[in-house]
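Visitor: Here's a structure for you.
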Amino acid sequence: MTTHTLPADSSRRRAGLVLAVCCLSLLITALDTTAVNVALPAVGRDLHAQVSGLQWTVDGYTLAVAAFMMLAGSTADRIGRRRVFQAGLALFTAGSLACSLASSLGWLITFRVVQGLGASMLNPVALSIITHAFPDPRERARAIGLWGTTVGLSLAAGPVVGGFLVASAGWRSIFWINIPVGVAALVFTAVFVPESRAATPRRPDPVGQVLVVTTLTALICAIIEGSRRGYTSAPIIGLFVLSAAAAAVLPRYERRREQPVVDPAFFRSVPFTGSFVAAVAAFVVLSGFLFLNTLYLQDVRGYSALHAGLLTAPMAVGIALASPLSGRLTATHGPRPPLVAAGLLITTATLALTTLTPTTPWALLLTAYVLLGIGFGLVNAPITSTAVAGMPRAQAGVSSAITTTARQVGNNLGVAVLGAIVAARTRAPVHAGFAAASHAGWWTLAVCGLVIAVTGLAATTRRATATAARVAARFPAESVPSVSSTPRVRRGAQA
């Protein structure tokens, strides 16, 4: 009996260390996403950036993540998940160092893109590593729940940590913090994370990847630059047409490929499609809220970056409380209750902000922040669980990458669309008219909350679940995963 118990305990400990390393990578990428928002006014003053420049500071990063995440997932399944994960950590850490040294807005945006390329290799690959490290469905569900909790907590802590760093050491310090954490994650990955690959390697799909990049890049460029150049100008109309054309060609081309970078068959699963839509809507809310609220608190209400970060702490508390609850609710009652509750709470919070003025009472603001935090905290676990559970393990890298890409698409759209709405209504964020100009943005976020609630109802019916089973049956099972049983270091100890 002892000989069977010890290896099982050792395997659990090793899986727990793998989970810790993956959560560490998620921590720095998610923290960086939200922390930068608090620094935007300081970046604008130091580098003389307009609203569109601030949008690109955020969207340069998230656009690179969204555009290349699916490529990273399929590449990791083919050449090795640990190898791609390590490359992502190295690139993200180097990009963080370069961002901290940027001498102009153009260089900062360029280095943010480098950061984004590194981050695109981390989160979906890490989720795939977790899926293979926990073969037992119950343990895997708990691990994914902890992963979702890490998402919520790191995103919530970003504004507070960012505000503290900006106030104490300037906006460049936001990028310094990534460097020691990234180096530590690299070391731990080499020691604890086993290599793994899909049993059937996926072939590259360069045309599909180009179509994905074209669709997203042209769309975001058109939205951001349209507020400055005019949406009826020829270049902006051309970008919209280019994005629409690439989006129309993509599924038609991918259907003819045996191993596409984006398999349209995945979207025949209603739960998978629902998780994609809910992820986009949820992260439109988060990124849009952080962008508008940061400018409102600092440029309209006159608070420092530190005070602005601390004032959003109620949202962080809401996320911290709701994230673990969401994991338990999803495990015991399924994804419907947390998704519907999240959508309704987000809608209520953002509707309260549609009357925002330069003197809005703090009781209203703090109540909205708490409700928004609870709503967002509830949404991550059911999205992740639904997306991964509906797909075969052989497609873990690509399916998780698509859903994580949806989050980044939401991040892109939130900043691009809401920034464009505000820029079209006021020339400068510091003007008192910014509060009124943001009303349309808050209405947009309220609609996103309703989308999440409706999706939670529609994607969790028995008929919807049956579509997921039919899609999973289309793919061959990964009967013998090509996974190293031991980490590269400490192999002798395991023997």
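Letters A, B, ... go to the chains of the structure tokens in the order shown; residues in each chain start at 1; ligands are counted from 1 in the same order.
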Would you mind listing what lies within 9 Å of Thr357 of chain A as number ranges by chain, with only C-alpha atoms counted and same-chain residues fewer than 6 positions away left out?
Guide: A: 432-436
Visitor: Could the residues in this selection be written to a file with N, CA and C atoms, as an mmCIF file, in the first residue's frame?
Guide:
data_model
loop_
_atom_site.group_PDB
_atom_site.id
_atom_site.type_symbol
_atom_site.label_atom_id
_atom_site.label_comp_id
_atom_site.auth_asym_id
_atom_site.auth_seq_id
_atom_site.Cartn_x
_atom_site.Cartn_y
_atom_site.Cartn_z
ATOM 1 N N ALA A 432 -14.050 69.382 -18.051
ATOM 2 C CA ALA A 432 -15.164 68.925 -17.224
ATOM 3 C C ALA A 432 -16.175 68.131 -18.028
ATOM 4 N N GLY A 433 -16.204 68.334 -19.353
ATOM 5 C CA GLY A 433 -17.141 67.611 -20.193
ATOM 6 C C GLY A 433 -16.827 66.139 -20.331
ATOM 7 N N PHE A 434 -15.694 65.688 -19.814
ATOM 8 C CA PHE A 434 -15.341 64.275 -19.924
ATOM 9 C C PHE A 434 -16.370 63.385 -19.244
ATOM 10 N N ALA A 435 -16.859 63.799 -18.081
ATOM 11 C CA ALA A 435 -17.823 62.974 -17.351
ATOM 12 C C ALA A 435 -19.075 62.750 -18.178
ATOM 13 N N ALA A 436 -19.603 63.820 -18.768
ATOM 14 C CA ALA A 436 -20.800 63.679 -19.599
ATOM 15 C C ALA A 436 -20.501 62.886 -20.864
#
Visitor: Could you pull out the helix (DSSP H, G or I) residues of segment 75-323 of chain A, going by DSSP on the backbone, and write them as number ranges by chain?
Guide: A: 75-79, 81-100, 105-120, 123-133, 137-169, 173-176, 178-192, 206-229, 234-255, 264-268, 270-300, 305-311, 313-323
Visitor: For Ser275 of chain A, work out the shell of residues within 10 Å, counting only C-alpha atoms and skipping chain neighbours fewer than 4 positions away, then give it as a ChimeraX atom specification.
Guide: /A:269-271,279-281,335,339,379-380,382-388,403-404,406-407,452,455-456,459
Visitor: Residues within 8 Å of Val193 of chain A, please, as a ChimeraX atom specification. Count only C-alpha atoms; anything in the same chain fewer than 6 positions from it doesn't count.
Guide: /A:17-18,21,82,487
Visitor: Which value, in Å to one decimal, gives the distance between atom CA of Leu105 of chain A and atom CA of Arg172 of chain A?
Guide: 12.5 Å
Visitor: With only C-alpha atoms as the counted atoms, please give the residues lying no more than 10 Å from Ala94 of chain A, apart from itself and same-chain residues fewer than 6 positions off, as a tab-separated table (two decimals) with N, CA, C and O atoms, in the first residue's frame.
Guide:
chain	number	residue	atom	x	y	z
A	88	GLY	N	8.12	32.56	-23.99
A	88	GLY	CA	7.22	33.66	-23.66
A	88	GLY	C	7.67	34.42	-22.43
A	88	GLY	O	7.63	35.65	-22.40
A	111	PHE	N	7.61	48.63	-27.55
A	111	PHE	CA	8.02	47.65	-26.54
A	111	PHE	C	6.81	46.99	-25.87
A	111	PHE	O	6.91	45.85	-25.41
A	114	VAL	N	6.12	44.10	-27.94
A	114	VAL	CA	7.05	43.01	-27.62
A	114	VAL	C	6.57	42.27	-26.36
A	114	VAL	O	6.55	41.03	-26.31
A	115	GLN	N	6.16	43.03	-25.35
A	115	GLN	CA	5.60	42.42	-24.15
A	115	GLN	C	4.40	41.53	-24.50
A	115	GLN	O	4.26	40.41	-24.00
A	118	GLY	N	5.30	38.20	-25.98
A	118	GLY	CA	5.70	37.26	-24.94
A	118	GLY	C	4.50	36.73	-24.17
A	118	GLY	O	4.39	35.52	-23.91
A	178	ASN	N	8.01	43.41	-13.10
A	178	ASN	CA	7.89	42.18	-13.88
A	178	ASN	C	9.22	41.43	-14.01
A	178	ASN	O	9.23	40.21	-14.23
A	179	ILE	N	10.33	42.16	-13.90
A	179	ILE	CA	11.63	41.56	-14.22
A	179	ILE	C	12.04	40.48	-13.23
A	179	ILE	O	12.31	39.33	-13.64
A	182	GLY	N	9.57	37.54	-13.53
A	182	GLY	CA	9.77	36.79	-14.78
A	182	GLY	C	10.99	35.89	-14.71
A	182	GLY	O	10.94	34.74	-15.16
A	183	VAL	N	12.09	36.39	-14.14
A	183	VAL	CA	13.30	35.57	-14.01
A	183	VAL	C	13.04	34.39	-13.09
A	183	VAL	O	13.45	33.24	-13.37
Visitor: Quick one: distance from atom CA of Asp77 of chain A to atom CA of Thr217 of chain A in Å, one decimal?
Guide: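 Spanning atom CA of Asp77 of chain A to atom CA of Thr217 of chain A is a straight-line distance of 25.3 Å.
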Visitor: So what do you get for atom CA of Val300 of chain A versus atom CA of Phe164 of chain A, distance-wise?
Guide: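 A separation of 19.8 Å between them.
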Visitor: What lies within 9 Å of segment 241-245 of chain A using only C-alpha atoms, ignoring chain neighbours under 5 positions off, as a tab-separated table (two decimals) with N, CA and C atoms, in the first residue's frame?
Guide:
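The resulting file, result.tsv, is shown below:
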chain	number	residue	atom	x	y	z
A	211	LEU	N	-4.63	36.08	-41.58
A	211	LEU	CA	-6.01	36.55	-41.59
A	211	LEU	C	-6.47	36.99	-40.20
A	214	THR	N	-4.72	40.32	-39.46
A	214	THR	CA	-5.30	41.39	-40.29
A	214	THR	C	-6.66	41.82	-39.76
A	215	THR	N	-7.49	40.85	-39.40
A	215	THR	CA	-8.82	41.16	-38.89
A	215	THR	C	-8.75	42.04	-37.65
A	216	LEU	N	-7.95	41.62	-36.68
A	216	LEU	CA	-7.89	42.35	-35.41
A	216	LEU	C	-7.18	43.68	-35.54
A	217	THR	N	-6.03	43.69	-36.22
A	217	THR	CA	-5.23	44.92	-36.32
A	217	THR	C	-5.98	45.99	-37.09
A	218	ALA	N	-6.57	45.64	-38.22
A	218	ALA	CA	-7.30	46.63	-39.02
A	218	ALA	C	-8.49	47.19	-38.25
A	219	LEU	N	-9.20	46.33	-37.53
A	219	LEU	CA	-10.37	46.78	-36.78
A	219	LEU	C	-9.98	47.74	-35.67
A	236	ILE	N	-9.78	55.20	-43.01
A	236	ILE	CA	-10.51	54.50	-41.96
A	236	ILE	C	-11.54	53.55	-42.56
A	250	LEU	N	-11.67	34.17	-43.42
A	250	LEU	CA	-11.04	33.29	-42.44
A	250	LEU	C	-11.78	31.95	-42.26
Visitor: Fewer than 4 positions away in the same chain doesn't count, so skip those; otherwise give me all residues within 12 Å of Gly327 of chain A, counting only C-alpha atoms, as an mmCIF file with all heavy atoms, in the first residue's frame.
Guide:
data_model
loop_
_atom_site.group_PDB
_atom_site.id
_atom_site.type_symbol
_atom_site.label_atom_id
_atom_site.label_comp_id
_atom_site.auth_asym_id
_atom_site.auth_seq_id
_atom_site.Cartn_x
_atom_site.Cartn_y
_atom_site.Cartn_z
ATOM 1 N N ARG A 140 -8.657 18.549 -11.782
ATOM 2 C CA ARG A 140 -8.468 19.549 -12.836
ATOM 3 C C ARG A 140 -9.437 20.709 -12.666
ATOM 4 O O ARG A 140 -9.080 21.869 -12.857
ATOM 5 C CB ARG A 140 -8.631 18.901 -14.206
ATOM 6 C CG ARG A 140 -8.348 19.869 -15.346
ATOM 7 C CD ARG A 140 -8.139 19.142 -16.664
ATOM 8 N NE ARG A 140 -9.317 18.414 -17.090
ATOM 9 C CZ ARG A 140 -9.410 17.106 -17.208
ATOM 10 N NH1 ARG A 140 -8.378 16.334 -16.875
ATOM 11 N NH2 ARG A 140 -10.510 16.536 -17.629
ATOM 12 N N ALA A 141 -10.681 20.408 -12.282
ATOM 13 C CA ALA A 141 -11.667 21.465 -12.070
ATOM 14 C C ALA A 141 -11.239 22.397 -10.937
ATOM 15 O O ALA A 141 -11.372 23.623 -11.036
ATOM 16 C CB ALA A 141 -13.038 20.862 -11.775
ATOM 17 N N ARG A 142 -10.700 21.795 -9.858
ATOM 18 C CA ARG A 142 -10.226 22.636 -8.751
ATOM 19 C C ARG A 142 -9.035 23.485 -9.177
ATOM 20 O O ARG A 142 -8.914 24.661 -8.786
ATOM 21 C CB ARG A 142 -9.860 21.767 -7.547
ATOM 22 C CG ARG A 142 -11.061 21.224 -6.791
ATOM 23 C CD ARG A 142 -10.660 20.725 -5.415
ATOM 24 N NE ARG A 142 -9.837 19.518 -5.515
ATOM 25 C CZ ARG A 142 -10.310 18.286 -5.421
ATOM 26 N NH1 ARG A 142 -11.608 18.080 -5.247
ATOM 27 N NH2 ARG A 142 -9.494 17.237 -5.497
ATOM 28 N N ALA A 143 -8.124 22.901 -9.963
ATOM 29 C CA ALA A 143 -6.959 23.646 -10.432
ATOM 30 C C ALA A 143 -7.381 24.807 -11.330
ATOM 31 O O ALA A 143 -6.851 25.926 -11.211
ATOM 32 C CB ALA A 143 -6.004 22.718 -11.181
ATOM 33 N N ILE A 144 -8.333 24.550 -12.228
ATOM 34 C CA ILE A 144 -8.817 25.613 -13.107
ATOM 35 C C ILE A 144 -9.535 26.680 -12.298
ATOM 36 O O ILE A 144 -9.462 27.878 -12.602
ATOM 37 C CB ILE A 144 -9.724 25.023 -14.199
ATOM 38 C CG1 ILE A 144 -8.892 24.178 -15.169
ATOM 39 C CG2 ILE A 144 -10.453 26.127 -14.970
ATOM 40 C CD1 ILE A 144 -9.721 23.449 -16.212
ATOM 41 N N GLY A 145 -10.222 26.260 -11.220
ATOM 42 C CA GLY A 145 -10.857 27.243 -10.350
ATOM 43 C C GLY A 145 -9.845 28.161 -9.690
ATOM 44 O O GLY A 145 -10.058 29.377 -9.594
ATOM 45 N N LEU A 146 -8.726 27.577 -9.238
ATOM 46 C CA LEU A 146 -7.662 28.400 -8.657
ATOM 47 C C LEU A 146 -7.047 29.312 -9.710
ATOM 48 O O LEU A 146 -6.702 30.468 -9.436
ATOM 49 C CB LEU A 146 -6.579 27.504 -8.054
ATOM 50 C CG LEU A 146 -5.416 28.208 -7.352
ATOM 51 C CD1 LEU A 146 -5.924 29.115 -6.253
ATOM 52 C CD2 LEU A 146 -4.427 27.186 -6.798
ATOM 53 N N TRP A 147 -6.916 28.784 -10.921
ATOM 54 C CA TRP A 147 -6.421 29.589 -12.037
ATOM 55 C C TRP A 147 -7.344 30.798 -12.262
ATOM 56 O O TRP A 147 -6.887 31.931 -12.397
ATOM 57 C CB TRP A 147 -6.375 28.707 -13.288
ATOM 58 C CG TRP A 147 -6.198 29.408 -14.586
ATOM 59 C CD1 TRP A 147 -7.181 29.852 -15.429
ATOM 60 C CD2 TRP A 147 -4.968 29.753 -15.225
ATOM 61 N NE1 TRP A 147 -6.648 30.436 -16.532
ATOM 62 C CE2 TRP A 147 -5.286 30.384 -16.435
ATOM 63 C CE3 TRP A 147 -3.629 29.567 -14.881
ATOM 64 C CZ2 TRP A 147 -4.307 30.839 -17.305
ATOM 65 C CZ3 TRP A 147 -2.671 30.033 -15.760
ATOM 66 C CH2 TRP A 147 -3.008 30.654 -16.955
ATOM 67 N N GLY A 148 -8.661 30.547 -12.289
ATOM 68 C CA GLY A 148 -9.609 31.634 -12.460
ATOM 69 C C GLY A 148 -9.542 32.639 -11.322
ATOM 70 O O GLY A 148 -9.671 33.851 -11.525
ATOM 71 N N THR A 149 -9.322 32.141 -10.105
ATOM 72 C CA THR A 149 -9.180 33.039 -8.966
ATOM 73 C C THR A 149 -7.952 33.930 -9.124
ATOM 74 O O THR A 149 -7.980 35.123 -8.809
ATOM 75 C CB THR A 149 -9.060 32.218 -7.662
ATOM 76 O OG1 THR A 149 -10.237 31.436 -7.498
ATOM 77 C CG2 THR A 149 -8.898 33.135 -6.458
ATOM 78 N N THR A 150 -6.860 33.338 -9.621
ATOM 79 C CA THR A 150 -5.646 34.122 -9.856
ATOM 80 C C THR A 150 -5.889 35.217 -10.881
ATOM 81 O O THR A 150 -5.393 36.342 -10.736
ATOM 82 C CB THR A 150 -4.503 33.207 -10.334
ATOM 83 O OG1 THR A 150 -4.319 32.157 -9.391
ATOM 84 C CG2 THR A 150 -3.207 33.986 -10.484
ATOM 85 N N VAL A 151 -6.663 34.907 -11.920
ATOM 86 C CA VAL A 151 -7.024 35.921 -12.913
ATOM 87 C C VAL A 151 -7.705 37.097 -12.237
ATOM 88 O O VAL A 151 -7.325 38.258 -12.392
ATOM 89 C CB VAL A 151 -7.952 35.330 -13.997
ATOM 90 C CG1 VAL A 151 -8.460 36.428 -14.926
ATOM 91 C CG2 VAL A 151 -7.243 34.272 -14.811
ATOM 92 N N GLY A 152 -8.727 36.777 -11.444
ATOM 93 C CA GLY A 152 -9.493 37.843 -10.800
ATOM 94 C C GLY A 152 -8.666 38.666 -9.841
ATOM 95 O O GLY A 152 -8.713 39.903 -9.852
ATOM 96 N N ALA A 320 -11.991 39.749 -5.236
ATOM 97 C CA ALA A 320 -11.343 38.798 -4.331
ATOM 98 C C ALA A 320 -12.369 37.922 -3.624
ATOM 99 O O ALA A 320 -12.137 36.720 -3.410
ATOM 100 C CB ALA A 320 -10.494 39.552 -3.314
ATOM 101 N N LEU A 321 -13.499 38.488 -3.246
ATOM 102 C CA LEU A 321 -14.526 37.715 -2.556
ATOM 103 C C LEU A 321 -15.286 36.796 -3.510
ATOM 104 O O LEU A 321 -15.644 35.663 -3.160
ATOM 105 C CB LEU A 321 -15.516 38.662 -1.860
ATOM 106 C CG LEU A 321 -14.963 39.483 -0.693
ATOM 107 C CD1 LEU A 321 -16.033 40.451 -0.187
ATOM 108 C CD2 LEU A 321 -14.508 38.577 0.437
ATOM 109 N N ALA A 322 -15.547 37.288 -4.712
ATOM 110 C CA ALA A 322 -16.404 36.544 -5.631
ATOM 111 C C ALA A 322 -15.664 35.463 -6.408
ATOM 112 O O ALA A 322 -16.282 34.470 -6.806
ATOM 113 C CB ALA A 322 -17.064 37.516 -6.615
ATOM 114 N N SER A 323 -14.358 35.627 -6.659
ATOM 115 C CA SER A 323 -13.631 34.665 -7.494
ATOM 116 C C SER A 323 -13.641 33.251 -6.924
ATOM 117 O O SER A 323 -14.002 32.300 -7.625
ATOM 118 C CB SER A 323 -12.195 35.148 -7.726
ATOM 119 O OG SER A 323 -12.189 36.304 -8.525
ATOM 120 N N ALA A 331 -18.436 24.504 -9.835
ATOM 121 C CA ALA A 331 -18.202 23.082 -9.602
ATOM 122 C C ALA A 331 -19.453 22.365 -9.111
ATOM 123 O O ALA A 331 -19.688 21.202 -9.452
ATOM 124 C CB ALA A 331 -17.061 22.897 -8.603
ATOM 125 N N THR A 332 -20.284 23.046 -8.312
ATOM 126 C CA THR A 332 -21.431 22.381 -7.698
ATOM 127 C C THR A 332 -22.739 22.586 -8.462
ATOM 128 O O THR A 332 -23.589 21.704 -8.487
ATOM 129 C CB THR A 332 -21.619 22.880 -6.251
ATOM 130 O OG1 THR A 332 -21.751 24.308 -6.250
ATOM 131 C CG2 THR A 332 -20.433 22.481 -5.392
ATOM 132 N N HIS A 333 -22.903 23.748 -9.089
ATOM 133 C CA HIS A 333 -24.173 24.063 -9.746
ATOM 134 C C HIS A 333 -24.041 24.329 -11.243
ATOM 135 O O HIS A 333 -25.039 24.632 -11.901
ATOM 136 C CB HIS A 333 -24.824 25.289 -9.085
ATOM 137 C CG HIS A 333 -25.120 25.097 -7.624
ATOM 138 N ND1 HIS A 333 -26.112 24.251 -7.164
ATOM 139 C CD2 HIS A 333 -24.532 25.617 -6.520
ATOM 140 C CE1 HIS A 333 -26.143 24.281 -5.844
ATOM 141 N NE2 HIS A 333 -25.179 25.098 -5.423
ATOM 142 N N GLY A 334 -22.821 24.251 -11.775
ATOM 143 C CA GLY A 334 -22.636 24.524 -13.187
ATOM 144 C C GLY A 334 -22.407 26.001 -13.451
ATOM 145 O O GLY A 334 -22.494 26.845 -12.552
ATOM 146 N N PRO A 335 -22.138 26.368 -14.710
ATOM 147 C CA PRO A 335 -21.774 27.750 -15.027
ATOM 148 C C PRO A 335 -22.940 28.734 -15.073
ATOM 149 O O PRO A 335 -22.728 29.940 -15.050
ATOM 150 C CB PRO A 335 -21.122 27.630 -16.412
ATOM 151 C CG PRO A 335 -21.759 26.413 -17.008
ATOM 152 C CD PRO A 335 -22.016 25.468 -15.873
ATOM 153 N N PRO A 337 -25.572 29.749 -12.910
ATOM 154 C CA PRO A 337 -25.793 30.735 -11.843
ATOM 155 C C PRO A 337 -24.740 31.843 -11.773
ATOM 156 O O PRO A 337 -25.101 33.026 -11.715
ATOM 157 C CB PRO A 337 -25.811 29.868 -10.573
ATOM 158 C CG PRO A 337 -26.219 28.516 -11.046
ATOM 159 C CD PRO A 337 -25.585 28.367 -12.397
ATOM 160 N N PRO A 338 -23.433 31.500 -11.785
ATOM 161 C CA PRO A 338 -22.462 32.602 -11.711
ATOM 162 C C PRO A 338 -22.468 33.501 -12.943
ATOM 163 O O PRO A 338 -22.267 34.714 -12.818
ATOM 164 C CB PRO A 338 -21.109 31.888 -11.551
ATOM 165 C CG PRO A 338 -21.336 30.500 -12.014
ATOM 166 C CD PRO A 338 -22.760 30.189 -11.724
ATOM 167 N N LEU A 339 -22.705 32.952 -14.138
ATOM 168 C CA LEU A 339 -22.722 33.794 -15.340
ATOM 169 C C LEU A 339 -23.895 34.758 -15.331
ATOM 170 O O LEU A 339 -23.743 35.953 -15.623
ATOM 171 C CB LEU A 339 -22.778 32.915 -16.596
ATOM 172 C CG LEU A 339 -21.452 32.389 -17.138
ATOM 173 C CD1 LEU A 339 -21.696 31.502 -18.354
ATOM 174 C CD2 LEU A 339 -20.502 33.534 -17.497
ATOM 175 N N GLY A 377 -15.743 39.162 -10.730
ATOM 176 C CA GLY A 377 -15.166 38.031 -10.025
ATOM 177 C C GLY A 377 -15.919 36.736 -10.285
ATOM 178 O O GLY A 377 -15.333 35.655 -10.296
ATOM 179 N N LEU A 378 -17.230 36.842 -10.514
ATOM 180 C CA LEU A 378 -18.037 35.650 -10.770
ATOM 181 C C LEU A 378 -17.864 35.094 -12.174
ATOM 182 O O LEU A 378 -18.179 33.939 -12.432
ATOM 183 C CB LEU A 378 -19.524 35.979 -10.553
ATOM 184 C CG LEU A 378 -19.988 36.209 -9.122
ATOM 185 C CD1 LEU A 378 -21.442 36.678 -9.109
ATOM 186 C CD2 LEU A 378 -19.835 34.941 -8.288
ATOM 187 N N VAL A 379 -17.344 35.891 -13.115
ATOM 188 C CA VAL A 379 -17.458 35.524 -14.523
ATOM 189 C C VAL A 379 -16.331 34.636 -15.036
ATOM 190 O O VAL A 379 -16.535 33.852 -15.969
ATOM 191 C CB VAL A 379 -17.565 36.806 -15.385
ATOM 192 C CG1 VAL A 379 -16.185 37.372 -15.719
ATOM 193 C CG2 VAL A 379 -18.345 36.546 -16.648
ATOM 194 N N ASN A 380 -15.149 34.688 -14.441
ATOM 195 C CA ASN A 380 -14.000 34.012 -15.043
ATOM 196 C C ASN A 380 -14.043 32.499 -14.942
ATOM 197 O O ASN A 380 -13.776 31.793 -15.918
ATOM 198 C CB ASN A 380 -12.693 34.540 -14.424
ATOM 199 C CG ASN A 380 -12.148 35.728 -15.173
ATOM 200 O OD1 ASN A 380 -11.799 35.627 -16.339
ATOM 201 N ND2 ASN A 380 -12.120 36.871 -14.510
ATOM 202 N N ALA A 381 -14.354 31.976 -13.762
ATOM 203 C CA ALA A 381 -14.346 30.517 -13.583
ATOM 204 C C ALA A 381 -15.327 29.803 -14.512
ATOM 205 O O ALA A 381 -14.959 28.822 -15.161
ATOM 206 C CB ALA A 381 -14.620 30.164 -12.125
ATOM 207 N N PRO A 382 -16.585 30.261 -14.628
ATOM 208 C CA PRO A 382 -17.497 29.554 -15.546
ATOM 209 C C PRO A 382 -17.102 29.673 -17.006
ATOM 210 O O PRO A 382 -17.315 28.740 -17.780
ATOM 211 C CB PRO A 382 -18.860 30.221 -15.282
ATOM 212 C CG PRO A 382 -18.545 31.524 -14.630
ATOM 213 C CD PRO A 382 -17.295 31.287 -13.845
ATOM 214 N N ILE A 383 -16.500 30.787 -17.401
ATOM 215 C CA ILE A 383 -16.034 30.924 -18.782
ATOM 216 C C ILE A 383 -14.953 29.887 -19.075
ATOM 217 O O ILE A 383 -15.013 29.144 -20.056
ATOM 218 C CB ILE A 383 -15.502 32.347 -19.035
ATOM 219 C CG1 ILE A 383 -16.652 33.347 -19.118
ATOM 220 C CG2 ILE A 383 -14.682 32.394 -20.332
ATOM 221 C CD1 ILE A 383 -16.198 34.790 -19.235
ATOM 222 N N THR A 384 -13.946 29.823 -18.203
ATOM 223 C CA THR A 384 -12.829 28.900 -18.421
ATOM 224 C C THR A 384 -13.292 27.453 -18.351
ATOM 225 O O THR A 384 -12.931 26.627 -19.196
ATOM 226 C CB THR A 384 -11.728 29.147 -17.377
ATOM 227 O OG1 THR A 384 -11.303 30.505 -17.461
ATOM 228 C CG2 THR A 384 -10.542 28.240 -17.623
ATOM 229 N N SER A 385 -14.099 27.131 -17.353
ATOM 230 C CA SER A 385 -14.570 25.766 -17.185
ATOM 231 C C SER A 385 -15.397 25.308 -18.376
ATOM 232 O O SER A 385 -15.216 24.196 -18.883
ATOM 233 C CB SER A 385 -15.395 25.653 -15.898
ATOM 234 O OG SER A 385 -15.884 24.345 -15.728
ATOM 235 N N THR A 386 -16.281 26.165 -18.858
ATOM 236 C CA THR A 386 -17.136 25.804 -19.990
ATOM 237 C C THR A 386 -16.315 25.583 -21.252
ATOM 238 O O THR A 386 -16.526 24.614 -21.994
ATOM 239 C CB THR A 386 -18.174 26.907 -20.247
ATOM 240 O OG1 THR A 386 -18.961 27.093 -19.067
ATOM 241 C CG2 THR A 386 -19.102 26.542 -21.394
#
Visitor: So, with only C-alpha atoms as the atoms that count, which of A:Gly419, A:Pro159, A:Pro260, A:Gly449 lies closest to Val277 of chain A?
Guide: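 For Val277 of chain A, the nearest of the candidates is A:Gly449.
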